[in-house]
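Asks: One file: target-v5.cif (mmCIF, C-alpha atoms).
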data_input
loop_
_atom_site.group_PDB
_atom_site.id
_atom_site.type_symbol
_atom_site.label_atom_id
_atom_site.label_comp_id
_atom_site.auth_asym_id
_atom_site.auth_seq_id
_atom_site.Cartn_x
_atom_site.Cartn_y
_atom_site.Cartn_z
ATOM 1 C CA MET A 129 -15.986 -18.732 64.143
ATOM 2 C CA GLY A 130 -14.833 -22.051 62.661
ATOM 3 C CA GLU A 131 -11.591 -22.956 60.950
ATOM 4 C CA TYR A 132 -9.971 -20.571 58.558
ATOM 5 C CA LEU A 133 -6.893 -20.011 56.451
ATOM 6 C CA ASN A 134 -4.635 -17.015 57.022
ATOM 7 C CA PHE A 135 -2.256 -15.504 54.509
ATOM 8 C CA HIS A 136 0.135 -12.736 55.502
ATOM 9 C CA TYR A 137 1.798 -10.343 53.088
ATOM 10 C CA ASP A 138 4.381 -7.617 53.686
ATOM 11 C CA VAL A 139 3.978 -4.627 51.379
ATOM 12 C CA ASP A 140 7.253 -2.932 50.479
ATOM 13 C CA GLY A 141 6.766 0.811 50.480
ATOM 14 C CA GLU A 142 10.016 1.641 48.760
ATOM 15 C CA ASN A 143 9.365 0.258 45.334
ATOM 16 C CA PHE A 144 6.432 1.427 43.226
ATOM 17 C CA VAL A 145 7.498 -0.808 40.342
ATOM 18 C CA SER A 146 7.001 -3.990 42.340
ATOM 19 C CA ALA A 147 3.822 -2.780 44.050
ATOM 20 C CA GLY A 148 0.964 -5.178 43.537
ATOM 21 C CA GLN A 149 3.020 -8.280 44.272
ATOM 22 C CA ALA A 150 0.907 -9.199 47.302
ATOM 23 C CA SER A 151 -2.250 -8.839 45.220
ATOM 24 C CA VAL A 152 -0.817 -11.109 42.542
ATOM 25 C CA GLU A 153 0.020 -13.712 45.188
ATOM 26 C CA LEU A 154 -3.451 -13.432 46.724
ATOM 27 C CA LYS A 155 -5.086 -13.838 43.329
ATOM 28 C CA LYS A 156 -3.097 -17.018 42.677
ATOM 29 C CA THR A 157 -4.078 -18.371 46.093
ATOM 30 C CA LEU A 158 -7.771 -17.623 45.555
ATOM 31 C CA ARG A 159 -7.627 -19.374 42.173
ATOM 32 C CA ARG A 160 -6.049 -22.431 43.774
ATOM 33 C CA LEU A 161 -8.885 -22.493 46.293
ATOM 34 C CA GLY A 162 -11.359 -22.571 43.420
ATOM 35 C CA LEU A 163 -13.348 -19.462 44.249
ATOM 36 C CA PRO A 164 -15.684 -18.018 41.575
ATOM 37 C CA PRO A 165 -13.876 -15.719 39.080
ATOM 38 C CA GLU A 166 -16.072 -12.724 39.928
ATOM 39 C CA THR A 167 -15.285 -13.083 43.646
ATOM 40 C CA ILE A 168 -11.581 -13.402 42.886
ATOM 41 C CA ARG A 169 -11.672 -10.261 40.749
ATOM 42 C CA ARG A 170 -13.470 -8.214 43.401
ATOM 43 C CA LEU A 171 -11.033 -9.270 46.113
ATOM 44 C CA SER A 172 -7.996 -8.800 43.865
ATOM 45 C CA ILE A 173 -8.962 -5.266 42.868
ATOM 46 C CA ALA A 174 -9.777 -4.255 46.453
ATOM 47 C CA MET A 175 -6.476 -5.698 47.668
ATOM 48 C CA TYR A 176 -4.549 -4.061 44.816
ATOM 49 C CA GLU A 177 -6.013 -0.612 45.470
ATOM 50 C CA GLY A 178 -5.216 -1.033 49.147
ATOM 51 C CA GLU A 179 -1.693 -2.134 48.391
ATOM 52 C CA ILE A 180 -1.096 0.819 46.076
ATOM 53 C CA ASN A 181 -2.489 3.149 48.749
ATOM 54 C CA MET A 182 -0.063 1.774 51.325
ATOM 55 C CA VAL A 183 2.856 2.268 48.951
ATOM 56 C CA ILE A 184 2.041 5.813 47.857
ATOM 57 C CA HIS A 185 0.689 7.197 51.131
ATOM 58 C CA ALA A 186 2.164 5.202 53.997
ATOM 59 C CA GLY A 187 5.568 3.807 53.023
ATOM 60 C CA GLY A 188 4.221 0.263 52.931
ATOM 61 C CA GLY A 189 2.507 -1.918 55.483
ATOM 62 C CA GLU A 190 1.135 -5.389 55.894
ATOM 63 C CA ALA A 191 -1.879 -7.335 54.770
ATOM 64 C CA ASP A 192 -3.632 -10.278 56.394
ATOM 65 C CA VAL A 193 -6.214 -12.243 54.505
ATOM 66 C CA ASP A 194 -8.454 -14.596 56.480
ATOM 67 C CA ILE A 195 -10.466 -17.063 54.457
ATOM 68 C CA TYR A 196 -13.496 -18.505 56.249
ATOM 69 C CA GLU A 197 -16.138 -20.869 54.949
ATOM 70 C CA ASP A 198 -18.620 -18.047 54.372
ATOM 71 C CA LYS A 199 -16.462 -14.924 53.954
ATOM 72 C CA ILE A 200 -13.042 -13.508 53.215
ATOM 73 C CA VAL A 201 -11.629 -10.712 55.354
ATOM 74 C CA ILE A 202 -8.711 -8.526 54.222
ATOM 75 C CA VAL A 203 -7.004 -6.393 56.866
ATOM 76 C CA LEU A 204 -4.540 -3.780 55.612
ATOM 77 C CA LYS A 205 -2.430 -2.112 58.265
ATOM 78 C CA ASP A 206 0.064 0.697 57.876
ATOM 79 C CA HIS A 207 1.990 3.114 60.085
ATOM 80 C CA GLY A 208 1.648 6.060 57.753
ATOM 81 C CA PRO A 209 0.371 9.571 58.436
ATOM 82 C CA GLY A 210 -3.232 8.493 58.968
ATOM 83 C CA ILE A 211 -6.406 9.940 57.452
ATOM 84 C CA ALA A 212 -7.660 13.143 59.090
ATOM 85 C CA ASP A 213 -11.118 13.203 57.471
ATOM 86 C CA ILE A 214 -12.287 9.741 56.452
ATOM 87 C CA ALA A 215 -15.586 10.972 54.946
ATOM 88 C CA LEU A 216 -13.652 13.340 52.698
ATOM 89 C CA ALA A 217 -11.184 10.614 51.731
ATOM 90 C CA MET A 218 -14.096 8.408 50.684
ATOM 91 C CA GLN A 219 -15.355 10.957 48.149
ATOM 92 C CA GLU A 220 -14.658 9.944 44.565
ATOM 93 C CA GLY A 221 -12.071 12.276 43.075
ATOM 94 C CA TYR A 222 -10.597 13.474 46.370
ATOM 95 C CA SER A 223 -6.902 12.682 46.697
ATOM 96 C CA THR A 224 -3.859 13.908 48.566
ATOM 97 C CA ALA A 225 -1.491 12.153 46.165
ATOM 98 C CA THR A 226 1.366 14.140 44.684
ATOM 99 C CA GLU A 227 1.745 15.079 41.031
ATOM 100 C CA GLY A 228 4.483 12.457 40.853
ATOM 101 C CA VAL A 229 2.056 9.744 41.885
ATOM 102 C CA ARG A 230 -0.550 11.014 39.407
ATOM 103 C CA SER A 231 1.977 10.796 36.608
ATOM 104 C CA LEU A 232 2.281 7.108 37.460
ATOM 105 C CA GLY A 233 -1.447 6.594 36.860
ATOM 106 C CA PHE A 234 -2.736 6.712 40.426
ATOM 107 C CA GLY A 235 -4.032 9.378 42.775
ATOM 108 C CA ALA A 236 -7.323 9.905 40.928
ATOM 109 C CA GLY A 237 -9.195 9.782 44.217
ATOM 110 C CA MET A 238 -10.772 6.443 43.354
ATOM 111 C CA GLY A 239 -8.780 4.061 45.550
ATOM 112 C CA LEU A 240 -10.890 3.969 48.711
ATOM 113 C CA PRO A 241 -14.207 4.277 46.814
ATOM 114 C CA ASN A 242 -13.154 1.363 44.609
ATOM 115 C CA MET A 243 -12.253 -0.721 47.659
ATOM 116 C CA LYS A 244 -15.700 -0.059 49.089
ATOM 117 C CA ARG A 245 -17.357 -0.723 45.709
ATOM 118 C CA TYR A 246 -15.860 -4.179 45.349
ATOM 119 C CA THR A 247 -16.384 -5.417 48.894
ATOM 120 C CA ASP A 248 -19.508 -6.031 50.972
ATOM 121 C CA GLU A 249 -18.238 -4.232 54.055
ATOM 122 C CA MET A 250 -15.363 -1.834 54.635
ATOM 123 C CA GLN A 251 -14.215 -0.205 57.825
ATOM 124 C CA ILE A 252 -11.451 2.376 58.184
ATOM 125 C CA ASP A 253 -9.762 2.962 61.536
ATOM 126 C CA SER A 254 -7.217 5.733 61.387
ATOM 127 C CA THR A 255 -5.282 7.890 63.797
ATOM 128 C CA VAL A 256 -3.357 10.866 62.471
ATOM 129 C CA GLY A 257 0.338 10.352 63.072
ATOM 130 C CA GLU A 258 -0.050 6.667 63.905
ATOM 131 C CA GLY A 259 -1.489 4.903 60.892
ATOM 132 C CA THR A 260 -4.498 3.341 59.266
ATOM 133 C CA THR A 261 -6.181 -0.041 59.333
ATOM 134 C CA VAL A 262 -8.663 -0.905 56.612
ATOM 135 C CA THR A 263 -10.817 -4.004 57.060
ATOM 136 C CA MET A 264 -12.721 -5.320 54.044
ATOM 137 C CA THR A 265 -15.114 -8.260 53.955
ATOM 138 C CA VAL A 266 -16.533 -10.163 51.018
ATOM 139 C CA TYR A 267 -19.203 -12.756 51.761
ATOM 140 C CA LEU A 268 -19.214 -16.030 49.880
ATOM 141 C CA SER A 269 -22.719 -16.961 48.844
ATOM 142 C CA MET B 199 -14.221 -8.351 18.181
ATOM 143 C CA LYS B 200 -11.114 -10.502 17.884
ATOM 144 C CA ILE B 201 -7.780 -9.129 19.096
ATOM 145 C CA SER B 202 -6.433 -9.795 15.590
ATOM 146 C CA THR B 203 -9.062 -7.366 14.265
ATOM 147 C CA ILE B 204 -7.927 -4.727 16.770
ATOM 148 C CA LYS B 205 -4.378 -5.253 15.546
ATOM 149 C CA GLU B 206 -5.463 -4.694 11.926
ATOM 150 C CA LEU B 207 -7.693 -1.685 12.657
ATOM 151 C CA LEU B 208 -5.001 0.079 14.668
ATOM 152 C CA ASP B 209 -2.139 -1.042 12.446
ATOM 153 C CA ALA B 210 -0.522 -2.255 15.650
ATOM 154 C CA ASP B 211 2.553 -4.317 16.427
ATOM 155 C CA VAL B 212 2.148 -7.431 18.569
ATOM 156 C CA LEU B 213 4.684 -7.305 21.406
ATOM 157 C CA CYS B 214 3.555 -10.477 23.175
ATOM 158 C CA GLY B 215 0.725 -12.980 23.234
ATOM 159 C CA VAL B 216 0.675 -13.716 19.503
ATOM 160 C CA GLU B 217 -0.875 -17.099 20.289
ATOM 161 C CA SER B 218 -3.943 -15.375 21.763
ATOM 162 C CA LEU B 219 -4.825 -13.097 18.855
ATOM 163 C CA GLU B 220 -8.002 -15.019 18.095
ATOM 164 C CA LYS B 221 -9.444 -14.335 21.549
ATOM 165 C CA GLU B 222 -12.615 -12.247 21.587
ATOM 166 C CA VAL B 223 -12.985 -8.965 23.480
ATOM 167 C CA HIS B 224 -16.371 -7.460 24.249
ATOM 168 C CA SER B 225 -15.562 -4.052 25.689
ATOM 169 C CA ALA B 226 -12.800 -1.472 25.895
ATOM 170 C CA CYS B 227 -11.536 1.210 28.239
ATOM 171 C CA GLY B 228 -9.198 4.081 27.348
ATOM 172 C CA SER B 229 -7.397 5.864 30.190
ATOM 173 C CA ASP B 230 -4.040 6.862 31.634
ATOM 174 C CA MET B 231 -5.429 6.775 35.193
ATOM 175 C CA MET B 232 -5.355 3.245 36.511
ATOM 176 C CA SER B 233 -7.754 3.931 39.393
ATOM 177 C CA ASP B 234 -10.356 5.006 36.848
ATOM 178 C CA VAL B 235 -9.734 1.767 34.987
ATOM 179 C CA LEU B 236 -10.143 -0.185 38.209
ATOM 180 C CA ALA B 237 -13.566 1.389 38.730
ATOM 181 C CA TYR B 238 -14.746 -0.184 35.525
ATOM 182 C CA VAL B 239 -15.230 -3.939 35.448
ATOM 183 C CA LYS B 240 -16.183 -5.738 32.270
ATOM 184 C CA ASP B 241 -15.520 -9.220 31.019
ATOM 185 C CA GLN B 242 -13.097 -9.791 28.184
ATOM 186 C CA ALA B 243 -11.951 -6.199 28.053
ATOM 187 C CA VAL B 244 -9.126 -4.393 26.303
ATOM 188 C CA LEU B 245 -7.281 -1.459 27.874
ATOM 189 C CA LEU B 246 -5.957 1.393 25.732
ATOM 190 C CA THR B 247 -3.395 3.621 27.451
ATOM 191 C CA GLY B 248 -0.467 5.938 26.894
ATOM 192 C CA LEU B 249 0.907 5.286 30.378
ATOM 193 C CA VAL B 250 4.036 3.145 30.559
ATOM 194 C CA ASN B 251 4.831 1.449 33.845
ATOM 195 C CA SER B 252 4.432 -2.023 35.256
ATOM 196 C CA GLN B 253 1.251 -1.049 37.131
ATOM 197 C CA VAL B 254 -0.554 -0.849 33.791
ATOM 198 C CA ILE B 255 -0.040 -4.584 33.324
ATOM 199 C CA ARG B 256 -0.812 -5.288 37.004
ATOM 200 C CA THR B 257 -4.074 -3.370 36.636
ATOM 201 C CA ALA B 258 -5.030 -5.364 33.548
ATOM 202 C CA GLU B 259 -4.099 -8.550 35.391
ATOM 203 C CA MET B 260 -6.290 -7.711 38.390
ATOM 204 C CA MET B 261 -9.173 -6.858 36.049
ATOM 205 C CA ASP B 262 -8.824 -10.106 34.058
ATOM 206 C CA MET B 263 -8.296 -8.029 30.914
ATOM 207 C CA VAL B 264 -7.056 -9.928 27.887
ATOM 208 C CA CYS B 265 -5.283 -7.193 25.906
ATOM 209 C CA VAL B 266 -3.443 -3.907 26.489
ATOM 210 C CA VAL B 267 -2.911 -1.456 23.619
ATOM 211 C CA PHE B 268 -0.214 1.193 24.023
ATOM 212 C CA VAL B 269 -1.066 4.280 21.988
ATOM 213 C CA ARG B 270 1.020 7.236 20.734
ATOM 214 C CA SER B 271 3.967 4.950 19.841
ATOM 215 C CA LYS B 272 4.618 4.197 23.516
ATOM 216 C CA ARG B 273 6.589 1.028 24.137
ATOM 217 C CA PRO B 274 6.440 -1.065 27.298
ATOM 218 C CA THR B 275 9.586 -2.186 29.106
ATOM 219 C CA LEU B 276 10.914 -5.722 28.920
ATOM 220 C CA GLU B 277 9.766 -6.286 32.498
ATOM 221 C CA MET B 278 6.224 -5.252 31.567
ATOM 222 C CA ILE B 279 6.232 -7.666 28.642
ATOM 223 C CA GLU B 280 7.422 -10.464 30.921
ATOM 224 C CA ILE B 281 4.619 -9.790 33.408
ATOM 225 C CA ALA B 282 2.091 -9.765 30.560
ATOM 226 C CA GLU B 283 3.412 -13.049 29.172
ATOM 227 C CA GLU B 284 3.111 -14.688 32.592
ATOM 228 C CA SER B 285 -0.483 -13.493 32.809
ATOM 229 C CA GLY B 286 -1.469 -14.378 29.255
ATOM 230 C CA ILE B 287 -2.154 -10.756 28.317
ATOM 231 C CA VAL B 288 -1.668 -9.670 24.697
ATOM 232 C CA ILE B 289 0.267 -6.415 24.253
ATOM 233 C CA LEU B 290 -0.221 -4.307 21.140
ATOM 234 C CA ALA B 291 1.452 -0.987 20.263
ATOM 235 C CA THR B 292 0.056 1.541 17.797
ATOM 236 C CA LYS B 293 1.153 4.911 16.478
ATOM 237 C CA LYS B 294 -2.413 6.193 16.693
ATOM 238 C CA ARG B 295 -3.332 8.636 19.432
ATOM 239 C CA MET B 296 -5.789 7.685 22.152
ATOM 240 C CA TYR B 297 -8.768 9.537 20.656
ATOM 241 C CA GLU B 298 -8.324 8.057 17.203
ATOM 242 C CA ALA B 299 -7.593 4.550 18.489
ATOM 243 C CA CYS B 300 -10.678 4.486 20.727
ATOM 244 C CA GLY B 301 -12.859 6.013 17.997
ATOM 245 C CA THR B 302 -11.671 3.509 15.414
ATOM 246 C CA LEU B 303 -12.541 0.551 17.630
ATOM 247 C CA PHE B 304 -15.875 2.083 18.630
ATOM 248 C CA VAL B 305 -17.155 2.720 15.104
ATOM 249 C CA ASN B 306 -16.047 -0.729 14.019
ATOM 250 C CA GLY B 307 -18.252 -2.421 16.567
ATOM 251 C CA LEU B 308 -16.409 -2.515 19.894
ATOM 252 C CA ASN B 309 -19.055 -0.350 21.504
ATOM 253 C CA ASN B 310 -20.461 -2.435 24.327
ATOM 254 C CA THR B 311 -19.659 0.229 26.893
ATOM 255 C CA LYS B 312 -22.951 0.539 28.730
ATOM 256 C CA ASP B 313 -22.978 -0.329 32.442
#
Represent the structure of the file as structure tokens.
Replies:
Amino acid sequence: MGEYLNFHYDVDGENFVSAGQASVELKKTLRRLGLPPETIRRLSIAMYEGEINMVIHAGGGEADVDIYEDKIVIVLKDHGPGIADIALAMQEGYSTATEGVRSLGFGAGMGLPNMKRYTDEMQIDSTVGEGTTVTMTVYLS
Amino acid sequence: MKISTIKELLDADVLCGVESLEKEVHSACGSDMMSDVLAYVKDQAVLLTGLVNSQVIRTAEMMDMVCVVFVRSKRPTLEMIEIAEESGIVILATKKRMYEACGTLFVNGLNNTKD
């Protein structure tokens, strides 16, 4: 597997205003590492959507980013309500977000599809009542 | 199109980033739904929105956007302006409504919206 760097972020689920802080930190880190701008943007958007999801659906969670020589893996873990029908949740436009969340500019049903769009691989493991883990991989060419 | 041209066309106020007004933008996106904005990646883009919260600036930051235009006389908070300044994002504010603002930029040449 080789050597890798790990960055851990706690995502505060109480504060929508500060949501996105982990994504900002990750973006700065990826810039420092000198990754291509397009790769940084893809990872930043995927992380940001995931972070927003954890805040609005799960009361927060945690993110681990592992940076290998040939790939970057983001693991987002929460202890929220879980996703009952993952295929349905992946459909563009489907959302369980409240009107309050929509008024804040999210809940358009694009979060998970966007995360899949901007990464090379995405896996969702979810158990209703226990939580959700989303694993996203971007390969470095 | 230069950001300074956008400012003139929309009769907009510059709320931060005055030093970056000569930057070029090549595409634009108008929306109040940030997830829709995040589905749309273009280089050197400007975001037009009537939504006011800090996630608007975060979204622009994640997308590497260079300018955010608040329409319908909406004004961002001080915190939003501070985040934009840190990220080098220009913030403009116009009295024009979304439809008119987008249309004005489109017919004046900011129409590189094809995928």
Asks: Check every residue of chain A for an atom within 12 Å of chain B, counting only C-alpha atoms, and provide those that qualify as an mmCIF file with C-alpha atoms, in the frame of the given file.
Replies:
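Output file result16.cif follows:
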data_model
loop_
_atom_site.group_PDB
_atom_site.id
_atom_site.type_symbol
_atom_site.label_atom_id
_atom_site.label_comp_id
_atom_site.auth_asym_id
_atom_site.auth_seq_id
_atom_site.Cartn_x
_atom_site.Cartn_y
_atom_site.Cartn_z
ATOM 1 C CA ASN A 143 9.365 0.258 45.334
ATOM 2 C CA PHE A 144 6.432 1.427 43.226
ATOM 3 C CA VAL A 145 7.498 -0.808 40.342
ATOM 4 C CA SER A 146 7.001 -3.990 42.340
ATOM 5 C CA ALA A 147 3.822 -2.780 44.050
ATOM 6 C CA GLY A 148 0.964 -5.178 43.537
ATOM 7 C CA GLN A 149 3.020 -8.280 44.272
ATOM 8 C CA ALA A 150 0.907 -9.199 47.302
ATOM 9 C CA SER A 151 -2.250 -8.839 45.220
ATOM 10 C CA VAL A 152 -0.817 -11.109 42.542
ATOM 11 C CA GLU A 153 0.020 -13.712 45.188
ATOM 12 C CA LEU A 154 -3.451 -13.432 46.724
ATOM 13 C CA LYS A 155 -5.086 -13.838 43.329
ATOM 14 C CA LYS A 156 -3.097 -17.018 42.677
ATOM 15 C CA PRO A 165 -13.876 -15.719 39.080
ATOM 16 C CA GLU A 166 -16.072 -12.724 39.928
ATOM 17 C CA THR A 167 -15.285 -13.083 43.646
ATOM 18 C CA ILE A 168 -11.581 -13.402 42.886
ATOM 19 C CA ARG A 169 -11.672 -10.261 40.749
ATOM 20 C CA ARG A 170 -13.470 -8.214 43.401
ATOM 21 C CA LEU A 171 -11.033 -9.270 46.113
ATOM 22 C CA SER A 172 -7.996 -8.800 43.865
ATOM 23 C CA ILE A 173 -8.962 -5.266 42.868
ATOM 24 C CA ALA A 174 -9.777 -4.255 46.453
ATOM 25 C CA MET A 175 -6.476 -5.698 47.668
ATOM 26 C CA TYR A 176 -4.549 -4.061 44.816
ATOM 27 C CA GLU A 177 -6.013 -0.612 45.470
ATOM 28 C CA GLY A 178 -5.216 -1.033 49.147
ATOM 29 C CA GLU A 179 -1.693 -2.134 48.391
ATOM 30 C CA ILE A 180 -1.096 0.819 46.076
ATOM 31 C CA ASN A 181 -2.489 3.149 48.749
ATOM 32 C CA GLU A 220 -14.658 9.944 44.565
ATOM 33 C CA GLY A 221 -12.071 12.276 43.075
ATOM 34 C CA SER A 223 -6.902 12.682 46.697
ATOM 35 C CA VAL A 229 2.056 9.744 41.885
ATOM 36 C CA ARG A 230 -0.550 11.014 39.407
ATOM 37 C CA SER A 231 1.977 10.796 36.608
ATOM 38 C CA LEU A 232 2.281 7.108 37.460
ATOM 39 C CA GLY A 233 -1.447 6.594 36.860
ATOM 40 C CA PHE A 234 -2.736 6.712 40.426
ATOM 41 C CA GLY A 235 -4.032 9.378 42.775
ATOM 42 C CA ALA A 236 -7.323 9.905 40.928
ATOM 43 C CA GLY A 237 -9.195 9.782 44.217
ATOM 44 C CA MET A 238 -10.772 6.443 43.354
ATOM 45 C CA GLY A 239 -8.780 4.061 45.550
ATOM 46 C CA LEU A 240 -10.890 3.969 48.711
ATOM 47 C CA PRO A 241 -14.207 4.277 46.814
ATOM 48 C CA ASN A 242 -13.154 1.363 44.609
ATOM 49 C CA MET A 243 -12.253 -0.721 47.659
ATOM 50 C CA LYS A 244 -15.700 -0.059 49.089
ATOM 51 C CA ARG A 245 -17.357 -0.723 45.709
ATOM 52 C CA TYR A 246 -15.860 -4.179 45.349
#
Asks: Written as number ranges by chain, what is the full residue list that the PyMOL selection byres ((chain B and resi 263) around 10) yields on the file shown?
Replies: B: 223, 225-226, 239-245, 255, 257-262, 264-266, 285-288
Asks: Keeping only C-alpha atoms, write the selected residues to a file as a compact mmCIF listing (two decimals), in the coordinates of the input.
Replies:
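That gives us again04.txt:
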# COMPACT_ATOMS: atom_id res chain seq x y z
CA VAL B 223 -12.98 -8.96 23.48
CA SER B 225 -15.56 -4.05 25.69
CA ALA B 226 -12.80 -1.47 25.90
CA VAL B 239 -15.23 -3.94 35.45
CA LYS B 240 -16.18 -5.74 32.27
CA ASP B 241 -15.52 -9.22 31.02
CA GLN B 242 -13.10 -9.79 28.18
CA ALA B 243 -11.95 -6.20 28.05
CA VAL B 244 -9.13 -4.39 26.30
CA LEU B 245 -7.28 -1.46 27.87
CA ILE B 255 -0.04 -4.58 33.32
CA THR B 257 -4.07 -3.37 36.64
CA ALA B 258 -5.03 -5.36 33.55
CA GLU B 259 -4.10 -8.55 35.39
CA MET B 260 -6.29 -7.71 38.39
CA MET B 261 -9.17 -6.86 36.05
CA ASP B 262 -8.82 -10.11 34.06
CA VAL B 264 -7.06 -9.93 27.89
CA CYS B 265 -5.28 -7.19 25.91
CA VAL B 266 -3.44 -3.91 26.49
CA SER B 285 -0.48 -13.49 32.81
CA GLY B 286 -1.47 -14.38 29.26
CA ILE B 287 -2.15 -10.76 28.32
CA VAL B 288 -1.67 -9.67 24.70
Asks: Find, counting all atoms listed in the file, the residue in B:Leu303, B:Leu308, B:Leu219, B:Ala291 that gets nearest to Leu207 (chain B).
Replies: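 Looking only at the distances to Leu207 (chain B), the closest residue turns out to be B:Leu303.
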Asks: Between CA of His207 (chain A) and CA of Glu258 (chain A), measure the distance and give it in Å to one decimal.
Replies: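 One can read the CA of His207 (chain A) to CA of Glu258 (chain A) distance as 5.6 Å.
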Asks: Could you state the separation of CA of Asp253 (chain A) and CA of Met182 (chain A) in Å, given to one decimal place?
Replies: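 We find that CA of Asp253 (chain A) and CA of Met182 (chain A) lie 14.1 Å from each other.
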Asks: For CA of Thr226 (chain A) and CA of Arg270 (chain B), determine how far apart the two atoms are, in Å to one decimal place.
Replies: 24.9 Å
Asks: Selection in question (the file shown): the PyMOL selection byres ((chain A and resi 206) around 6). Which residues does it include, as a PyMOL selection string?
Replies: chain A and resi 189+205+207-208+259-260
Asks: Which residues, protein or nucleic acid, reach to within 7 Å of (1.4, 14.3, 61.0) in the file's coordinates when using only C-alpha atoms, and can you give that as a VMD selection string?
Replies: chain A and resid 209 256 to 257
Asks: Excluding same-chain residues fewer than 3 positions from Val262 (chain A), what lies within 6 Å of it counting all atoms listed in the file, as a PDB file with C-alpha atoms, in the frame of the given file?
Replies:
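This went into result15.pdb:
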ATOM      1  CA  VAL A 203      -7.004  -6.393  56.866  1.00  0.00           C
ATOM      2  CA  LEU A 204      -4.540  -3.780  55.612  1.00  0.00           C
ATOM      3  CA  GLN A 251     -14.215  -0.205  57.825  1.00  0.00           C
ATOM      4  CA  ILE A 252     -11.451   2.376  58.184  1.00  0.00           C
TER       5      ILE A 252
END
Asks: Which of these, A:Leu158, A:Ile214, A:Leu163, A:Leu268, has the shortest distance to Val193 (chain A) once you count only C-alpha atoms?
Replies: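 Residue with the minimum atom-to-atom distance to Val193 (chain A): A:Leu158.
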Asks: If you apply the PyMOL selection byres ((chain A and resi 195) around 9) to this file, what residues do you get, as a PDB file with C-alpha atoms, in the coordinates of the input?
Replies:
ATOM      1  CA  GLU A 131     -11.591 -22.956  60.950  1.00  0.00           C
ATOM      2  CA  TYR A 132      -9.971 -20.571  58.558  1.00  0.00           C
ATOM      3  CA  LEU A 133      -6.893 -20.011  56.451  1.00  0.00           C
ATOM      4  CA  ASN A 134      -4.635 -17.015  57.022  1.00  0.00           C
ATOM      5  CA  PHE A 135      -2.256 -15.504  54.509  1.00  0.00           C
ATOM      6  CA  VAL A 193      -6.214 -12.243  54.505  1.00  0.00           C
ATOM      7  CA  ASP A 194      -8.454 -14.596  56.480  1.00  0.00           C
ATOM      8  CA  TYR A 196     -13.496 -18.505  56.249  1.00  0.00           C
ATOM      9  CA  GLU A 197     -16.138 -20.869  54.949  1.00  0.00           C
ATOM     10  CA  ASP A 198     -18.620 -18.047  54.372  1.00  0.00           C
ATOM     11  CA  LYS A 199     -16.462 -14.924  53.954  1.00  0.00           C
ATOM     12  CA  ILE A 200     -13.042 -13.508  53.215  1.00  0.00           C
ATOM     13  CA  VAL A 201     -11.629 -10.712  55.354  1.00  0.00           C
ATOM     14  CA  ILE A 202      -8.711  -8.526  54.222  1.00  0.00           C
TER      15      ILE A 202
END
Asks: When you look at Asp209 (chain B) with a cut-off of 8 Å (counting all atoms listed in the file), what residues show up, excluding the ones that are within fewer than 3 positions of it in the same chain? I need them as a VMD selection string.
Replies: chain B and resid 205 to 206 292 to 293
Asks: Please provide the set of residues having any atom within 12 Å of Tyr297 (chain B), restricted to only C-alpha atoms, with same-chain residues fewer than 3 positions apart removed, written as a ChimeraX atom specification.
Replies: /B:208,227-229,246-248,269-270,293-294,300-304
Asks: Since we have the selection now, will you write its residues out, keeping C-alpha atoms, as a PDB file, keeping the file's coordinate frame?
Replies:
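File selection29.pdb, as written:
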ATOM      1  CA  LEU B 208      -5.001   0.079  14.668  1.00  0.00           C
ATOM      2  CA  CYS B 227     -11.536   1.210  28.239  1.00  0.00           C
ATOM      3  CA  GLY B 228      -9.198   4.081  27.348  1.00  0.00           C
ATOM      4  CA  SER B 229      -7.397   5.864  30.190  1.00  0.00           C
ATOM      5  CA  LEU B 246      -5.957   1.393  25.732  1.00  0.00           C
ATOM      6  CA  THR B 247      -3.395   3.621  27.451  1.00  0.00           C
ATOM      7  CA  GLY B 248      -0.467   5.938  26.894  1.00  0.00           C
ATOM      8  CA  VAL B 269      -1.066   4.280  21.988  1.00  0.00           C
ATOM      9  CA  ARG B 270       1.020   7.236  20.734  1.00  0.00           C
ATOM     10  CA  LYS B 293       1.153   4.911  16.478  1.00  0.00           C
ATOM     11  CA  LYS B 294      -2.413   6.193  16.693  1.00  0.00           C
ATOM     12  CA  CYS B 300     -10.678   4.486  20.727  1.00  0.00           C
ATOM     13  CA  GLY B 301     -12.859   6.013  17.997  1.00  0.00           C
ATOM     14  CA  THR B 302     -11.671   3.509  15.414  1.00  0.00           C
ATOM     15  CA  LEU B 303     -12.541   0.551  17.630  1.00  0.00           C
ATOM     16  CA  PHE B 304     -15.875   2.083  18.630  1.00  0.00           C
TER      17      PHE B 304
END
